[in-house]
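Novice: Here you go, protein_10.cif (mmCIF, C-alpha atoms):
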data_run
loop_
_atom_site.label_atom_id
_atom_site.label_comp_id
_atom_site.auth_asym_id
_atom_site.auth_seq_id
_atom_site.Cartn_x
_atom_site.Cartn_y
_atom_site.Cartn_z
CA MET A 1399 52.30 131.41 111.94
CA ALA A 1400 55.89 130.85 112.94
CA PHE A 1401 54.68 130.50 116.49
CA LEU A 1402 52.35 127.62 115.60
CA MET A 1403 55.03 125.87 113.52
CA ASN A 1404 57.43 126.19 116.42
CA GLN A 1405 54.85 124.67 118.78
CA ILE A 1406 54.02 121.78 116.46
CA LEU A 1407 57.54 120.92 115.35
CA GLY A 1408 59.27 121.97 118.55
CA ASP A 1409 57.62 119.26 120.66
CA LYS A 1410 58.48 116.57 118.11
CA LEU A 1411 62.09 117.73 117.87
CA LYS A 1412 62.42 117.78 121.66
CA SER A 1413 61.29 114.17 121.87
CA PHE A 1414 63.98 113.15 119.35
CA THR A 1415 66.75 115.10 121.05
CA GLY A 1416 65.76 114.11 124.58
CA GLY A 1417 64.62 117.52 125.76
CA GLY A 1418 62.69 116.12 128.73
CA GLU A 1419 64.42 118.44 131.22
CA GLU A 1420 62.55 121.50 129.94
CA ASP A 1421 59.18 119.74 130.26
CA SER A 1422 59.79 119.06 133.93
CA LYS A 1423 60.48 122.77 134.50
CA ALA A 1424 57.19 123.72 132.82
CA GLY A 1425 55.22 121.17 134.86
CA ALA A 1426 56.70 122.41 138.12
CA GLY A 1427 55.86 126.02 137.36
CA GLY A 1428 52.16 125.47 136.75
CA LYS A 1429 51.40 127.57 133.68
CA GLY A 1430 55.02 127.59 132.65
CA THR A 1431 57.31 130.34 131.51
CA ALA A 1432 58.48 131.41 128.09
CA GLU A 1433 61.87 129.73 128.57
CA ALA A 1434 60.24 126.47 129.73
CA LYS A 1435 58.06 126.35 126.62
CA GLY A 1436 61.00 127.11 124.33
CA MET A 1437 59.79 130.44 122.96
CA SER A 1438 60.68 134.07 123.26
CA ARG A 1439 58.83 136.40 125.61
CA GLU A 1440 56.90 138.03 122.75
CA GLU A 1441 55.80 134.63 121.41
CA PHE A 1442 54.76 133.59 124.90
CA GLU A 1443 52.67 136.74 125.39
CA GLU A 1444 51.04 136.19 122.00
CA TYR A 1445 50.37 132.58 122.96
CA GLN A 1446 48.76 133.70 126.24
CA ARG A 1447 46.58 136.24 124.39
CA GLN A 1448 45.49 133.57 121.93
CA LEU A 1449 44.53 131.28 124.81
CA VAL A 1450 42.45 134.02 126.42
CA GLU A 1451 40.80 134.92 123.10
CA GLU A 1452 40.01 131.26 122.40
CA LYS A 1453 38.47 130.89 125.85
CA ILE A 1454 36.35 134.01 125.35
CA GLN A 1455 35.24 132.72 121.94
CA ARG A 1456 34.35 129.30 123.43
CA ASP A 1457 32.32 130.98 126.16
CA LYS A 1458 30.49 133.12 123.59
CA ASP A 1459 29.75 130.07 121.44
CA PHE A 1460 28.51 128.16 124.46
CA ALA A 1461 26.22 131.02 125.50
CA THR A 1462 24.91 131.29 121.94
CA ARG A 1463 24.19 127.54 121.73
CA LYS A 1464 22.53 127.63 125.14
CA ALA A 1465 20.29 130.52 124.07
CA GLU A 1466 19.42 128.76 120.80
CA ARG A 1467 18.43 125.60 122.69
CA ALA A 1468 16.30 127.64 125.08
CA ASN A 1469 14.55 129.35 122.16
CA LEU A 1470 13.95 125.99 120.49
CA ARG A 1471 12.49 124.58 123.73
CA VAL A 1472 10.14 127.54 124.03
CA ALA A 1473 9.09 127.25 120.38
CA LEU A 1474 8.39 123.52 120.72
CA ARG A 1475 6.43 124.05 123.93
CA ASP A 1476 4.33 126.68 122.21
CA LYS A 1477 3.86 124.60 119.07
CA TYR A 1478 2.79 121.42 120.86
CA ARG A 1479 1.22 123.21 123.84
CA LEU A 1480 3.50 121.53 126.34
CA PRO A 1481 3.67 122.76 129.94
CA ASP A 1482 6.86 123.99 131.55
CA ASN A 1483 6.83 121.48 134.39
CA GLU A 1484 5.83 117.84 134.79
CA ILE A 1485 2.92 118.48 137.15
CA ASN A 1486 0.88 120.14 134.42
CA TRP A 1487 1.27 117.09 132.13
CA PHE A 1488 -1.39 115.16 133.99
CA GLN A 1489 -3.70 118.12 134.20
CA MET A 1490 -3.46 118.72 130.46
CA ALA A 1491 -3.84 115.05 129.55
CA GLY A 1492 -7.06 114.68 131.54
CA ASP A 1493 -8.93 111.59 130.37
CA ASP A 1494 -6.35 110.76 127.70
CA ILE A 1495 -4.14 108.91 130.19
CA ASP A 1496 -4.60 105.15 129.92
CA LEU A 1497 -4.56 103.35 133.25
CA PRO A 1498 -3.96 99.64 133.68
CA VAL A 1499 -7.18 97.68 134.21
CA ASP A 1500 -6.31 96.66 137.77
CA LEU A 1501 -5.46 100.20 138.76
CA ALA A 1502 -8.65 101.52 137.18
CA LYS A 1503 -10.69 98.98 139.19
CA MET A 1504 -8.97 100.05 142.41
CA VAL A 1505 -9.66 103.70 141.67
CA ASP A 1506 -13.33 102.97 140.89
CA GLU A 1507 -13.72 101.02 144.15
CA ASP A 1508 -12.16 103.84 146.12
CA GLU A 1509 -14.46 106.36 144.46
CA GLU A 1510 -17.51 104.22 145.28
CA GLU A 1511 -16.44 103.96 148.92
CA GLU A 1512 -15.96 107.69 149.08
CA GLU A 1513 -19.39 108.26 147.55
CA THR A 1514 -21.07 105.98 150.10
CA ASN A 1515 -19.18 107.63 152.94
CA GLU A 1516 -20.06 111.06 151.66
CA SER A 1517 -23.70 110.17 151.22
CA PHE A 1518 -23.88 108.81 154.78
CA LEU A 1519 -22.17 111.88 156.15
CA LYS A 1520 -24.44 114.15 154.14
CA LYS A 1521 -27.49 112.34 155.50
CA LEU A 1522 -26.18 112.77 159.04
CA GLN A 1523 -25.58 116.45 158.49
CA ASN A 1524 -29.01 116.96 156.97
CA MET A 1525 -30.83 115.10 159.76
CA ASP A 1526 -32.08 116.95 162.75
CA VAL A 1527 -30.52 115.72 166.01
CA ASP A 1528 -33.79 116.10 167.92
CA THR A 1529 -35.74 113.95 165.46
CA LEU A 1530 -32.97 111.38 165.50
CA LYS A 1531 -33.11 111.28 169.31
CA THR A 1532 -36.88 110.85 169.37
CA LYS A 1533 -36.72 108.07 166.77
CA ALA A 1534 -34.06 106.27 168.79
CA GLN A 1535 -36.10 106.54 172.01
CA ALA A 1536 -39.22 105.34 170.21
CA THR A 1537 -37.34 102.34 168.84
CA VAL A 1538 -35.99 101.46 172.29
CA THR A 1539 -39.44 101.63 173.89
CA GLU A 1540 -40.93 99.48 171.11
CA MET A 1541 -38.23 96.87 171.64
CA LYS A 1542 -38.89 96.86 175.37
CA GLN A 1543 -42.61 96.36 174.82
CA THR A 1544 -42.14 93.51 172.35
CA ALA A 1545 -39.59 91.91 174.62
CA GLU A 1546 -42.00 92.10 177.60
CA GLU A 1547 -44.78 90.59 175.57
CA LYS A 1548 -42.67 87.69 174.32
CA CYS A 1549 -40.60 87.07 177.40
CA ILE A 1550 -42.25 85.71 180.51
CA LEU A 1551 -39.42 86.62 182.88
CA MET A 1552 -39.45 90.32 182.11
#
Can I see the file as structure tokens?

Specialist:
Amino acid sequence: MAFLMNQILGDKLKSFTGGGEEDSKAGAGGKGTAEAKGMSREEFEEYQRQLVEEKIQRDKDFATRKAERANLRVALRDKYRLPDNEINWFQMAGDDIDLPVDLAKMVDEDEEEEETNESFLKKLQNMDVDTLKTKAQATVTEMKQTAEEKCILM
């Protein structure tokens, strides 16, 4: 207790008496020494222990608060069935996501184009190449015959 009173009142008394020389010694030494802080060696060691204990207590409190926040996050995710990452948000929402009208039109147009392309490709895959070749040759010969009939020069 005396230590704390000395710390509180000592700084104020130093400012009245012009004890600025001791402060410059403490600043130059980094952490400072017992003489620079105006206390005995035992008080200084007690002060250092208190600083270490306070730091340990702050670290424990921080770890506890961090763990409590993590537990709360997990509980809220479980309660509201929220995913851990953002990618799963869209998968969970499914059809519940409202798209702007213009964007929805663009998506529908793209889907229609893909469907037509897929249907054409599927037809090509399902067709037999030999039958396609014979149909093409038949069409070419028919065109030649009609062209010969209608054209005098050929």

Novice: Provide the atom CA of A:Thr1539 to atom CA of A:Asp1526 distance in Å, to one decimal place.

Specialist: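 Separation of atom CA of A:Thr1539 and atom CA of A:Asp1526: 20.3 Å.
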
Novice: What is the distance between atom CA of A:Met1437 and atom CA of A:Leu1449, in Å to one decimal?

Specialist: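 Pair atom CA of A:Met1437 / atom CA of A:Leu1449 returns 15.4 Å.
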
Novice: Return the single residue from A:Lys1531, A:Lys1435, A:Arg1471, A:Arg1447 that is closest to A:Gln1405, with distances computed using all atoms listed in the file.

Specialist: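 Using all atoms listed in the file, A:Gln1405 sits closest to A:Lys1435.
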
Novice: What is the atom CA of A:Glu1512 to atom CA of A:Lys1533 distance in Å?

Specialist: 27.3 Å
